[in-house]
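The next block is data14.cif, given as mmCIF, C-alpha atoms (C1' of nucleotides) and all ligand atoms.
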data_protein
loop_
_atom_site.label_atom_id
_atom_site.label_comp_id
_atom_site.auth_asym_id
_atom_site.auth_seq_id
_atom_site.Cartn_x
_atom_site.Cartn_y
_atom_site.Cartn_z
CA MET X 62 224.95 -233.24 8.04
CA LYS X 63 222.68 -232.75 5.06
CA HIS X 64 219.00 -232.14 4.91
CA ALA X 65 216.56 -232.19 2.03
CA HIS X 66 216.07 -228.91 0.23
CA THR X 67 212.59 -227.69 -0.51
CA HIS X 68 213.64 -227.06 -4.06
CA ASP X 69 214.64 -230.68 -4.55
CA LEU X 70 211.40 -231.80 -2.99
CA GLU X 71 209.33 -229.63 -5.30
CA HIS X 72 211.30 -230.87 -8.27
CA ASP X 73 210.73 -234.49 -7.29
CA LEU X 74 207.03 -233.92 -6.75
CA LEU X 75 206.70 -232.28 -10.13
CA ALA X 76 208.48 -235.16 -11.80
CA ALA X 77 206.22 -237.58 -9.98
CA ALA X 78 203.12 -235.72 -11.12
CA GLN X 79 204.35 -235.84 -14.71
CA TRP X 80 205.11 -239.51 -14.35
CA CYS X 81 201.56 -240.12 -13.18
CA ALA X 82 200.11 -238.05 -15.99
CA LYS X 83 202.08 -240.07 -18.51
CA ARG X 84 200.39 -243.15 -17.07
CA GLY X 85 196.94 -241.57 -17.28
CA GLU X 86 196.74 -241.13 -13.52
CA LYS X 87 196.77 -238.25 -11.12
CA LEU X 88 198.96 -237.31 -8.23
CA THR X 89 196.20 -235.93 -6.04
CA ASP X 90 196.78 -233.80 -2.97
CA GLN X 91 196.66 -236.71 -0.60
CA ARG X 92 198.99 -238.79 -2.70
CA ARG X 93 201.38 -235.90 -3.08
CA GLU X 94 201.30 -235.25 0.62
CA VAL X 95 202.23 -238.84 1.43
CA LEU X 96 204.92 -238.88 -1.24
CA ALA X 97 206.33 -235.62 0.10
CA LEU X 98 206.57 -237.13 3.56
CA LEU X 99 208.36 -240.19 2.19
CA LEU X 100 210.73 -238.05 0.14
CA SER X 101 211.54 -235.88 3.13
CA ALA X 102 212.07 -238.78 5.50
CA GLN X 103 215.61 -239.82 6.30
CA GLY X 104 214.68 -243.48 6.14
CA SER X 105 211.44 -245.32 5.72
CA MET X 106 208.13 -244.42 7.30
CA LYS X 107 205.37 -246.55 8.73
CA ALA X 108 201.79 -246.13 7.64
CA TYR X 109 200.56 -244.96 11.01
CA ASP X 110 203.42 -242.50 11.35
CA LEU X 111 202.44 -241.08 7.99
CA LEU X 112 198.87 -240.97 9.21
CA ALA X 113 199.90 -239.01 12.29
CA GLU X 114 201.65 -236.47 10.09
CA ILE X 115 198.70 -236.19 7.74
CA GLN X 116 196.38 -235.69 10.69
CA LYS X 117 198.26 -232.55 11.65
CA GLN X 118 196.73 -231.00 8.54
CA ARG X 119 193.55 -233.05 8.22
CA PRO X 120 192.50 -234.23 11.68
CA THR X 121 189.81 -236.45 10.18
CA ALA X 122 192.21 -238.58 8.18
CA ALA X 123 191.84 -242.30 8.86
CA PRO X 124 193.89 -245.40 8.03
CA PRO X 125 192.32 -245.86 4.59
CA THR X 126 193.40 -242.33 3.74
CA VAL X 127 197.04 -243.22 3.96
CA TYR X 128 196.81 -246.83 2.82
CA ARG X 129 195.05 -245.78 -0.35
CA ALA X 130 197.73 -243.24 -1.11
CA LEU X 131 200.42 -245.80 -0.38
CA ASP X 132 198.79 -248.40 -2.60
CA PHE X 133 198.69 -245.91 -5.41
CA LEU X 134 202.30 -244.82 -4.96
CA VAL X 135 203.58 -248.38 -4.77
CA THR X 136 201.59 -249.47 -7.81
CA ALA X 137 202.78 -246.46 -9.75
CA GLY X 138 206.37 -247.27 -8.82
CA LEU X 139 206.82 -244.05 -6.88
CA ALA X 140 207.37 -245.86 -3.61
CA HIS X 141 208.32 -249.27 -2.32
CA LYS X 142 207.12 -251.26 0.62
CA LEU X 143 209.78 -252.72 2.86
CA GLU X 144 208.17 -256.00 3.78
CA SER X 145 210.64 -256.78 6.51
CA LYS X 146 209.75 -253.56 8.33
CA ASN X 147 206.16 -252.97 7.32
CA ALA X 148 207.34 -249.58 6.20
CA PHE X 149 207.44 -247.51 3.05
CA VAL X 150 210.11 -245.59 1.21
CA ALA X 151 210.12 -243.29 -1.82
CA CYS X 152 211.65 -244.81 -4.92
CA CYS X 153 214.96 -243.22 -5.82
CA ASP X 154 214.51 -243.54 -9.58
CA PHE X 155 210.93 -244.25 -10.54
CA GLU X 156 211.39 -243.16 -14.14
CA HIS X 157 213.59 -246.12 -14.93
CA PRO X 158 212.34 -249.62 -14.35
CA HIS X 159 214.70 -251.39 -12.04
CA HIS X 160 215.13 -254.29 -9.70
CA GLY X 161 215.33 -252.80 -6.28
CA LEU X 162 217.98 -253.98 -3.92
CA MET X 163 217.21 -252.35 -0.60
CA LEU X 164 220.00 -251.93 1.90
CA ILE X 165 218.34 -251.25 5.23
CA CYS X 166 220.49 -250.09 8.11
CA ASP X 167 219.45 -251.73 11.35
CA ARG X 168 220.91 -248.91 13.38
CA CYS X 169 220.05 -245.59 11.73
CA HIS X 170 217.22 -247.06 9.61
CA LYS X 171 218.35 -245.34 6.45
CA VAL X 172 217.56 -247.12 3.21
CA THR X 173 219.74 -247.20 0.12
CA GLU X 174 218.16 -248.45 -3.07
CA LEU X 175 220.39 -250.01 -5.69
CA SER X 176 219.76 -251.75 -8.96
CA ASP X 177 221.97 -254.51 -10.25
CA GLU X 178 220.75 -256.07 -13.46
CA ARG X 179 223.28 -258.86 -13.31
CA LEU X 180 222.22 -259.78 -9.82
CA ALA X 181 218.62 -259.81 -10.98
CA ALA X 182 219.57 -261.91 -13.98
CA ARG X 183 221.38 -264.43 -11.84
CA LEU X 184 218.40 -264.64 -9.55
CA ALA X 185 216.02 -265.17 -12.44
CA GLU X 186 218.36 -267.84 -13.77
CA ASP X 187 218.37 -269.71 -10.45
CA ALA X 188 214.61 -269.54 -10.38
CA ALA X 189 214.29 -270.67 -13.99
CA SER X 190 216.48 -273.68 -13.31
CA HIS X 191 213.73 -274.81 -10.97
CA GLY X 192 210.99 -274.06 -13.45
CA PHE X 193 210.01 -270.91 -11.62
CA SER X 194 209.25 -267.70 -13.47
CA VAL X 195 209.89 -264.56 -11.51
CA ALA X 196 207.23 -261.89 -11.46
CA ALA X 197 208.52 -259.43 -8.92
CA GLN X 198 211.71 -259.20 -6.98
CA ASP X 199 212.41 -256.72 -4.27
CA ILE X 200 215.46 -257.82 -2.39
CA GLU X 201 215.72 -256.51 1.15
CA VAL X 202 218.96 -256.78 3.02
CA ARG X 203 219.55 -255.84 6.65
CA GLY X 204 222.90 -254.73 7.96
CA LEU X 205 224.91 -251.65 8.84
CA CYS X 206 225.53 -248.65 6.64
CA ARG X 207 228.96 -247.12 6.34
CA ASN X 208 228.38 -244.46 8.96
CA CYS X 209 226.98 -246.84 11.50
CA ARG X 210 229.65 -249.43 10.93
CA ASP X 211 232.36 -246.84 11.35
CA GLY X 212 231.09 -246.01 14.80
CA ASP X 213 229.01 -242.96 14.00
CA THR X 214 226.67 -242.24 16.89
CA GLU X 215 224.46 -239.61 15.28
CA GLY X 216 221.91 -241.91 13.77
CA ALA X 217 221.28 -244.19 16.70
CA ALA X 218 217.65 -244.92 17.46
CA MET G 1384 200.43 -286.01 -6.74
CA LYS G 1385 202.71 -286.60 -3.78
CA HIS G 1386 202.03 -286.19 -0.14
CA ALA G 1387 204.33 -286.18 2.89
CA HIS G 1388 204.90 -289.55 4.47
CA THR G 1389 204.68 -289.92 8.20
CA HIS G 1390 208.00 -291.66 8.14
CA ASP G 1391 209.69 -288.67 6.55
CA LEU G 1392 208.02 -286.39 9.04
CA GLU G 1393 209.23 -288.40 12.01
CA HIS G 1394 212.68 -288.47 10.54
CA ASP G 1395 212.74 -284.72 10.08
CA LEU G 1396 211.47 -284.13 13.60
CA LEU G 1397 214.12 -286.40 15.03
CA ALA G 1398 216.83 -284.60 13.11
CA ALA G 1399 215.45 -281.27 14.31
CA ALA G 1400 215.50 -282.47 17.92
CA GLN G 1401 219.10 -283.54 17.55
CA TRP G 1402 219.95 -280.25 15.96
CA CYS G 1403 218.46 -278.43 18.93
CA ALA G 1404 220.28 -280.66 21.39
CA LYS G 1405 223.55 -279.90 19.65
CA ARG G 1406 222.81 -276.24 20.27
CA GLY G 1407 221.99 -276.84 23.93
CA GLU G 1408 218.30 -276.28 23.37
CA LYS G 1409 215.21 -278.41 23.42
CA LEU G 1410 212.54 -279.16 20.87
CA THR G 1411 209.64 -279.18 23.29
CA ASP G 1412 206.22 -280.59 22.50
CA GLN G 1413 204.81 -277.26 21.45
CA ARG G 1414 207.75 -276.46 19.27
CA ARG G 1415 207.68 -279.88 17.70
CA GLU G 1416 203.97 -279.57 17.07
CA VAL G 1417 204.42 -276.28 15.22
CA LEU G 1418 207.38 -277.60 13.27
CA ALA G 1419 205.40 -280.71 12.34
CA LEU G 1420 202.62 -278.52 10.98
CA LEU G 1421 205.08 -276.50 8.94
CA LEU G 1422 206.79 -279.62 7.61
CA SER G 1423 203.46 -281.14 6.65
CA ALA G 1424 202.15 -278.01 4.97
CA GLN G 1425 202.27 -277.81 1.20
CA GLY G 1426 203.36 -274.21 1.34
CA SER G 1427 203.76 -271.71 4.11
CA MET G 1428 201.46 -271.27 7.07
CA LYS G 1429 200.29 -268.18 8.90
CA ALA G 1430 200.61 -267.85 12.64
CA TYR G 1431 196.89 -267.81 13.28
CA ASP G 1432 196.33 -270.80 11.03
CA LEU G 1433 198.92 -272.67 13.04
CA LEU G 1434 197.15 -271.51 16.18
CA ALA G 1435 193.85 -272.87 14.91
CA GLU G 1436 195.46 -276.26 14.29
CA ILE G 1437 197.12 -276.27 17.70
CA GLN G 1438 193.81 -275.39 19.30
CA LYS G 1439 192.30 -278.60 17.96
CA GLN G 1440 194.52 -280.39 20.47
CA ARG G 1441 194.90 -277.68 23.12
CA PRO G 1442 191.82 -275.48 23.05
CA THR G 1443 193.42 -273.05 25.48
CA ALA G 1444 196.33 -272.20 23.22
CA ALA G 1445 196.72 -268.47 22.64
CA PRO G 1446 198.73 -266.33 20.22
CA PRO G 1447 201.87 -266.33 22.40
CA THR G 1448 201.82 -270.11 22.32
CA VAL G 1449 202.46 -270.19 18.62
CA TYR G 1450 204.55 -267.04 18.33
CA ARG G 1451 206.96 -268.32 20.98
CA ALA G 1452 207.36 -271.59 19.14
CA LEU G 1453 207.86 -269.74 15.86
CA ASP G 1454 210.44 -267.40 17.35
CA PHE G 1455 212.34 -270.39 18.62
CA LEU G 1456 212.19 -272.26 15.33
CA VAL G 1457 213.26 -269.24 13.30
CA THR G 1458 216.13 -268.42 15.66
CA ALA G 1459 217.25 -272.03 15.61
CA GLY G 1460 217.20 -272.00 11.82
CA LEU G 1461 214.50 -274.66 11.65
CA ALA G 1462 212.04 -272.34 9.99
CA HIS G 1463 211.97 -269.09 8.06
CA LYS G 1464 209.59 -266.20 8.09
CA LEU G 1465 208.31 -265.04 4.73
CA GLU G 1466 208.12 -261.32 5.33
CA SER G 1467 206.17 -260.62 2.19
CA LYS G 1468 203.38 -262.94 3.31
CA ASN G 1469 203.56 -262.76 7.08
CA ALA G 1470 203.87 -266.51 6.95
CA PHE G 1471 206.26 -269.21 8.03
CA VAL G 1472 207.87 -272.17 6.33
CA ALA G 1473 210.05 -275.03 7.52
CA CYS G 1474 213.67 -274.79 6.45
CA CYS G 1475 214.58 -277.37 3.87
CA ASP G 1476 218.16 -277.86 5.09
CA PHE G 1477 218.69 -276.47 8.57
CA GLU G 1478 221.86 -278.46 9.16
CA HIS G 1479 223.80 -276.48 6.61
CA PRO G 1480 224.06 -272.72 6.88
CA HIS G 1481 222.78 -271.16 3.73
CA HIS G 1482 221.48 -268.03 2.17
CA GLY G 1483 217.86 -268.65 1.55
CA LEU G 1484 216.39 -267.73 -1.78
CA MET G 1485 212.66 -268.27 -1.45
CA LEU G 1486 210.61 -268.83 -4.58
CA ILE G 1487 207.01 -268.20 -3.61
CA CYS G 1488 204.31 -269.21 -6.05
CA ASP G 1489 201.55 -266.63 -6.17
CA ARG G 1490 199.07 -269.20 -7.41
CA CYS G 1491 199.53 -272.42 -5.45
CA HIS G 1492 201.48 -270.79 -2.62
CA LYS G 1493 204.17 -273.45 -2.61
CA VAL G 1494 207.62 -272.34 -1.51
CA THR G 1495 210.92 -273.57 -2.88
CA GLU G 1496 214.03 -272.73 -0.94
CA LEU G 1497 217.30 -272.50 -2.78
CA SER G 1498 220.78 -271.48 -1.81
CA ASP G 1499 223.17 -269.81 -4.21
CA GLU G 1500 226.43 -268.75 -2.67
CA ARG G 1501 227.51 -266.84 -5.75
CA LEU G 1502 224.29 -264.87 -5.75
CA ALA G 1503 224.80 -264.09 -2.08
CA ALA G 1504 228.40 -263.08 -2.77
CA ARG G 1505 227.36 -260.77 -5.57
CA LEU G 1506 224.80 -259.20 -3.33
CA ALA G 1507 227.29 -258.68 -0.53
CA GLU G 1508 229.65 -257.16 -3.07
CA ASP G 1509 227.05 -254.69 -4.27
CA ALA G 1510 226.33 -253.74 -0.70
CA ALA G 1511 230.01 -253.40 0.18
CA SER G 1512 230.56 -251.09 -2.77
CA HIS G 1513 228.21 -248.71 -0.98
CA GLY G 1514 229.90 -249.19 2.37
CA PHE G 1515 227.14 -251.42 3.61
CA SER G 1516 227.89 -254.61 5.50
CA VAL G 1517 225.25 -257.27 5.18
CA ALA G 1518 224.03 -258.98 8.31
CA ALA G 1519 221.14 -261.08 7.09
CA GLN G 1520 219.72 -261.76 3.70
CA ASP G 1521 216.59 -263.67 2.99
CA ILE G 1522 215.63 -263.10 -0.59
CA GLU G 1523 211.96 -263.55 -1.37
CA VAL G 1524 210.78 -263.76 -4.93
CA ARG G 1525 207.19 -263.96 -6.11
CA GLY G 1526 206.17 -265.61 -9.34
CA LEU G 1527 204.78 -268.82 -10.76
CA CYS G 1528 206.09 -272.31 -10.17
CA ARG G 1529 206.47 -274.78 -13.02
CA ASN G 1530 203.13 -276.46 -12.46
CA CYS G 1531 201.18 -273.25 -12.25
CA ARG G 1532 202.89 -271.71 -15.22
CA ASP G 1533 202.18 -274.79 -17.32
CA GLY G 1534 198.47 -274.41 -16.74
CA ASP G 1535 198.00 -276.86 -13.92
CA THR G 1536 194.70 -276.20 -12.18
CA GLU G 1537 195.13 -278.39 -9.12
CA GLY G 1538 196.85 -275.87 -6.90
CA ALA G 1539 194.59 -272.90 -7.50
CA ALA G 1540 193.55 -271.00 -4.39
"C1'" DG W 1154 215.94 -284.69 48.97
"C1'" DC W 1155 215.92 -279.55 48.94
"C1'" DC W 1156 216.43 -275.35 47.06
"C1'" DA W 1157 217.33 -271.83 43.80
"C1'" DA W 1158 217.89 -270.43 39.12
"C1'" DA W 1159 216.60 -270.68 34.55
"C1'" DG W 1160 213.63 -271.84 31.09
"C1'" DC W 1161 209.16 -272.85 29.44
"C1'" DT W 1162 204.17 -272.32 29.48
"C1'" DG W 1163 199.40 -270.27 30.71
"C1'" DT W 1164 196.68 -266.32 30.54
"C1'" DT W 1165 195.02 -261.72 29.99
"C1'" DA W 1166 195.22 -257.74 27.85
"C1'" DC W 1167 196.78 -254.71 24.54
"C1'" DG W 1168 199.38 -252.63 20.52
"C1'" DT W 1169 200.16 -252.47 15.65
"C1'" DT W 1170 199.11 -253.19 10.83
"C1'" DA W 1171 195.66 -253.44 7.28
"C1'" DT W 1172 191.16 -253.89 4.98
"C1'" DA W 1173 185.93 -254.32 4.21
"C1'" DA W 1174 181.97 -251.93 3.30
"C1'" DC W 1175 179.21 -248.29 2.22
"C1'" DA W 1176 178.24 -243.21 1.89
"C1'" DT W 1177 179.64 -239.00 -0.23
"C1'" DT W 1178 182.11 -235.98 -3.04
"C1'" DT W 1179 184.75 -234.71 -7.00
"C1'" DA W 1180 186.33 -234.71 -11.88
"C1'" DG W 1181 185.66 -235.58 -16.69
"C1'" DC W 1182 182.73 -235.68 -20.34
"C1'" DA W 1183 178.54 -236.39 -23.59
"C1'" DT J 173 172.91 -230.67 -17.21
"C1'" DG J 174 173.21 -235.26 -15.99
"C1'" DC J 175 175.85 -239.48 -16.34
"C1'" DT J 176 179.86 -242.15 -14.97
"C1'" DA J 177 184.24 -243.26 -12.98
"C1'" DA J 178 187.52 -242.05 -9.72
"C1'" DA J 179 188.64 -240.47 -5.40
"C1'" DT J 180 187.68 -239.61 -0.63
"C1'" DG J 181 185.09 -239.80 3.98
"C1'" DT J 182 183.68 -242.69 7.65
"C1'" DT J 183 182.88 -246.53 10.60
"C1'" DA J 184 183.92 -250.74 11.94
"C1'" DT J 185 186.57 -254.79 12.09
"C1'" DA J 186 190.00 -258.17 10.59
"C1'" DA J 187 194.71 -259.76 10.81
"C1'" DC J 188 199.22 -259.76 12.85
"C1'" DG J 189 202.05 -259.49 16.88
"C1'" DT J 190 203.73 -258.50 21.83
"C1'" DA J 191 203.90 -256.96 26.92
"C1'" DA J 192 203.42 -258.41 31.33
"C1'" DC J 193 202.94 -261.35 34.98
"C1'" DA J 194 201.79 -265.74 37.14
"C1'" DG J 195 202.72 -270.58 37.49
"C1'" DC J 196 205.00 -274.70 36.30
"C1'" DT J 197 209.01 -277.74 35.16
"C1'" DT J 198 213.64 -278.92 34.59
"C1'" DT J 199 218.27 -278.72 36.06
"C1'" DG J 200 222.16 -278.63 38.86
"C1'" DG J 201 224.49 -277.61 43.32
"C1'" DC J 202 224.25 -278.57 48.08
ZN ZN E 1 212.75 -248.00 -6.84
ZN ZN E 2 223.14 -246.62 9.54
ZN ZN E 3 216.60 -272.56 5.15
ZN ZN E 4 202.38 -272.85 -8.15
#

Is it possible to express this structure as C-alpha cells?
Amino acid sequence: MKHAHTHDLEHDLLAAAQWCAKRGEKLTDQRREVLALLLSAQGSMKAYDLLAEIQKQRPTAAPPTVYRALDFLVTAGLAHKLESKNAFVACCDFEHPHHGLMLICDRCHKVTELSDERLAARLAEDAASHGFSVAAQDIEVRGLCRNCRDGDTEGAA
Amino acid sequence: MKHAHTHDLEHDLLAAAQWCAKRGEKLTDQRREVLALLLSAQGSMKAYDLLAEIQKQRPTAAPPTVYRALDFLVTAGLAHKLESKNAFVACCDFEHPHHGLMLICDRCHKVTELSDERLAARLAEDAASHGFSVAAQDIEVRGLCRNCRDGDTEGAA
DNA sequence: GCCAAAGCTGTTACGTTATAACATTTAGCA
DNA sequence: TGCTAAATGTTATAACGTAACAGCTTTGGC
C-alpha cells in the first residue's frame, strides 16, 4: 500500500506555483493549502471536508475561504470538480491541456483521470453533427476500479 | 418557433405509463405531473422550480413530493439528472436503452440528448485499459447550440 | 368483506452545498 | 506615501437534498 511522499507533494506544489506565475496569478497560502489537501487525498474531497481540515489550522475559516480557493484552482486548471459527487480532485497533469475522462470508483472513491483525444474528437463530432459546438467536456464515469472489482476489501467505505 | 402540442404530451405520458406498467410500477398522478412539466419544458428544470409549479395545484407540496417523483422517474429511465446543473430533463427515448450524451446549451439552456454506441464503446475501452469497469455513463457537454451560435437572440437568459 | 403487507403520500425538520454582500487587509506600484 | 487591485474576513442566507415518522391507499390472500 502506497502513500504520498512529502517530497512529491512539495514538487507538485512548486510546479503549481510556477504554473500560476506563468499565468500572472499567485498560488497564495490558502490556495496552496487546499491544493495540498487535494493532492494528498486518496480520492476526491468535498468542500466542507476541506473546510474542516483548514479549520484545524485557521479556526476562523468559513465556507467562502475554501470555495474561493477551489474556484481559483479549478479555473487555473489545477483541480477539477466532480459534478456527480459535488467533490473536487487535483488535476493529474495541469501543464498539458487535456480532455478529462474521470473514472470514479463507487466503492473506494478513488479517481483516475485519463485523456483520450480521439474520444474527445468523436464527441465533438457527434455534437457538431447536431450543430452544437462544444465548449467544455469533463466526462465522469462511475464504476469499479481494478482493485475493487477484484474483490479487494481495503478500500471499502 | 415551435411549441409542444398537448396531443404529443398526452401521447408521451401514455407511453410512459405503459412503460411503467411493463416494469410493474405505476405512473401516479404526482409522477405524471412532474414528468409532464419536464416534457413541456424547453430545457431542463430544477427541483425547486418543479416544486413551485406543483404548488400552484397543490399548495401543500413539499420538497420530498418532487424529489420522490424525480427519483422514480430517473430510476425508471423516464428522466435524467444533469449533474452539472443540478437539474432534470425528460428522456427523449426511454423505451430504448441508450448511453446518454447530453448537449447542454449554456445560452438558451436547451438540452439535446444523443446516443452514440461507438462513443460509449470507446469510453468503456479506455476505462477497461486501466482495469476500470464502467457501471453508468452519462456524458454531459456544455457549449452552444446551433441557434445560439448563429447569433439567435430569442433564447437568451 | 376483512385483514395484513406493501407502496405511496403528507408533513416536519434538518443536513449539505454554495453564494451574496460588505468590511478589511494585503500586495504592487506610481 | 498614497492609490488601486487583489485577496481575505465575516455574516448571513440561498439553493439543493434527505431523514424520519405518520397516515393513507392499493393489492392480494383468506
Ligand atoms: Zn486534469
Ligand atoms: Zn475502487
Ligand atoms: Zn435518455
Ligand atoms: Zn442555445

Check which residues fall inside 12 Å of ligand ZN 4 (chain E) when counting only C-alpha atoms (C1' of nucleotides) and all ligand atoms, and print them as a PyMOL selection string.
(chain X and resi 191-195) or (chain G and resi 1425-1426+1486-1495+1525-1540)

File of the preceding selection, C-alpha atoms, as a compact mmCIF listing (two decimals), keeping the file's coordinate frame:
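Everything below was put into out.txt:
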# COMPACT_ATOMS: atom_id res chain seq x y z
CA HIS X 191 213.73 -274.81 -10.97
CA GLY X 192 210.99 -274.06 -13.45
CA PHE X 193 210.01 -270.91 -11.62
CA SER X 194 209.25 -267.70 -13.47
CA VAL X 195 209.89 -264.56 -11.51
CA GLN G 1425 202.27 -277.81 1.20
CA GLY G 1426 203.36 -274.21 1.34
CA LEU G 1486 210.61 -268.83 -4.58
CA ILE G 1487 207.01 -268.20 -3.61
CA CYS G 1488 204.31 -269.21 -6.05
CA ASP G 1489 201.55 -266.63 -6.17
CA ARG G 1490 199.07 -269.20 -7.41
CA CYS G 1491 199.53 -272.42 -5.45
CA HIS G 1492 201.48 -270.79 -2.62
CA LYS G 1493 204.17 -273.45 -2.61
CA VAL G 1494 207.62 -272.34 -1.51
CA THR G 1495 210.92 -273.57 -2.88
CA ARG G 1525 207.19 -263.96 -6.11
CA GLY G 1526 206.17 -265.61 -9.34
CA LEU G 1527 204.78 -268.82 -10.76
CA CYS G 1528 206.09 -272.31 -10.17
CA ARG G 1529 206.47 -274.78 -13.02
CA ASN G 1530 203.13 -276.46 -12.46
CA CYS G 1531 201.18 -273.25 -12.25
CA ARG G 1532 202.89 -271.71 -15.22
CA ASP G 1533 202.18 -274.79 -17.32
CA GLY G 1534 198.47 -274.41 -16.74
CA ASP G 1535 198.00 -276.86 -13.92
CA THR G 1536 194.70 -276.20 -12.18
CA GLU G 1537 195.13 -278.39 -9.12
CA GLY G 1538 196.85 -275.87 -6.90
CA ALA G 1539 194.59 -272.90 -7.50
CA ALA G 1540 193.55 -271.00 -4.39

Pick out the chain J residues within 9 Å of chain X. Count all atoms listed in the file. Give them as a PyMOL selection string.
chain J and resi 179-182

Could you save the residues just selected, with C-alpha atoms (C1' of nucleotides), as a PDB file, keeping the file's coordinate frame?
ATOM      1  C1'  DA J 179     188.640-240.470  -5.400  1.00  0.00           C
ATOM      2  C1'  DT J 180     187.680-239.610  -0.630  1.00  0.00           C
ATOM      3  C1'  DG J 181     185.090-239.800   3.980  1.00  0.00           C
ATOM      4  C1'  DT J 182     183.680-242.690   7.650  1.00  0.00           C
TER       5       DT J 182
END

Long-range neighbours of X:His141 as a count of residues only, 7 Å cut-off, all atoms listed in the file, 4 positions minimum in chain
5

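Using all atoms listed in the file, one finds that the residues of chain W close to chain X, at 10 Å or less, are DT1169, DT1170, DA1171 and DT1172 of chain W.
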
Go ahead and write the selection's residues with C-alpha atoms (C1' of nucleotides) as an mmCIF file, keeping the file's coordinate frame.
data_model
loop_
_atom_site.group_PDB
_atom_site.id
_atom_site.type_symbol
_atom_site.label_atom_id
_atom_site.label_comp_id
_atom_site.auth_asym_id
_atom_site.auth_seq_id
_atom_site.Cartn_x
_atom_site.Cartn_y
_atom_site.Cartn_z
ATOM 1 C "C1'" DT W 1169 200.160 -252.470 15.650
ATOM 2 C "C1'" DT W 1170 199.110 -253.190 10.830
ATOM 3 C "C1'" DA W 1171 195.660 -253.440 7.280
ATOM 4 C "C1'" DT W 1172 191.160 -253.890 4.980
#

Please determine, counting all atoms listed in the file, which residue among X:Ile115, X:Ala148, X:Arg93, X:Cys153 has the shortest atom-to-atom distance to chain G.
X:Ala148

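Proximity to chain X was assessed for G:Lys1405, G:His1479, G:His1390, G:Lys1464 counting only C-alpha atoms; the smallest distance is recorded for G:Lys1464.
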
My list of candidates is G:Asp1521, G:Glu1508, G:Asp1395, G:Glu1500. Which is closest to chain X when distances are computed with only C-alpha atoms?
G:Asp1521

Record the distance separating atom C1' of J:DA187 and atom CA of X:Lys146, expressed in Å with one decimal.
16.5 Å

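Between chain G and the candidates X:Ala182, X:Ala82, X:Leu111, X:Ala130, the tightest atom-to-atom separation, counting all atoms listed in the file, involves X:Ala182.
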
Which value, in Å to one decimal, gives the distance between atom CA of G:Leu1421 and atom CA of G:Phe1455?
13.6 Å

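Closest approach to ligand ZN 3 (chain E) from the set G:Ala1518, G:Cys1403, G:Leu1506, G:Leu1497 is made by G:Leu1497, with distances taken over all atoms listed in the file.
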
Could you tell me which of X:Glu174, X:Ala189, X:Ser145, X:Ala113 comes closest to chain G if we count all atoms listed in the file?
X:Ser145

Would you mind listing what lies within 10 Å of J:DT198 as a PDB file with C-alpha atoms (C1' of nucleotides), in the coordinates of the input, with all atoms listed in the file counted and same-chain residues fewer than 3 positions away left out?
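Here's the written file selection_26.pdb:
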ATOM      1  C1'  DA W1159     216.600-270.680  34.550  1.00  0.00           C
ATOM      2  C1'  DG W1160     213.630-271.840  31.090  1.00  0.00           C
ATOM      3  C1'  DC W1161     209.160-272.850  29.440  1.00  0.00           C
TER       4       DC W1161
END

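If you look at atom C1' of J:DA177 and atom CA of X:Arg92, they are 18.5 Å away from each other.
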
Residues near W:DG1181, cut-off 12 Å, all atoms listed in the file, skip fewer than 4 positions along chain, as a ChimeraX atom specification:
/J:175-178
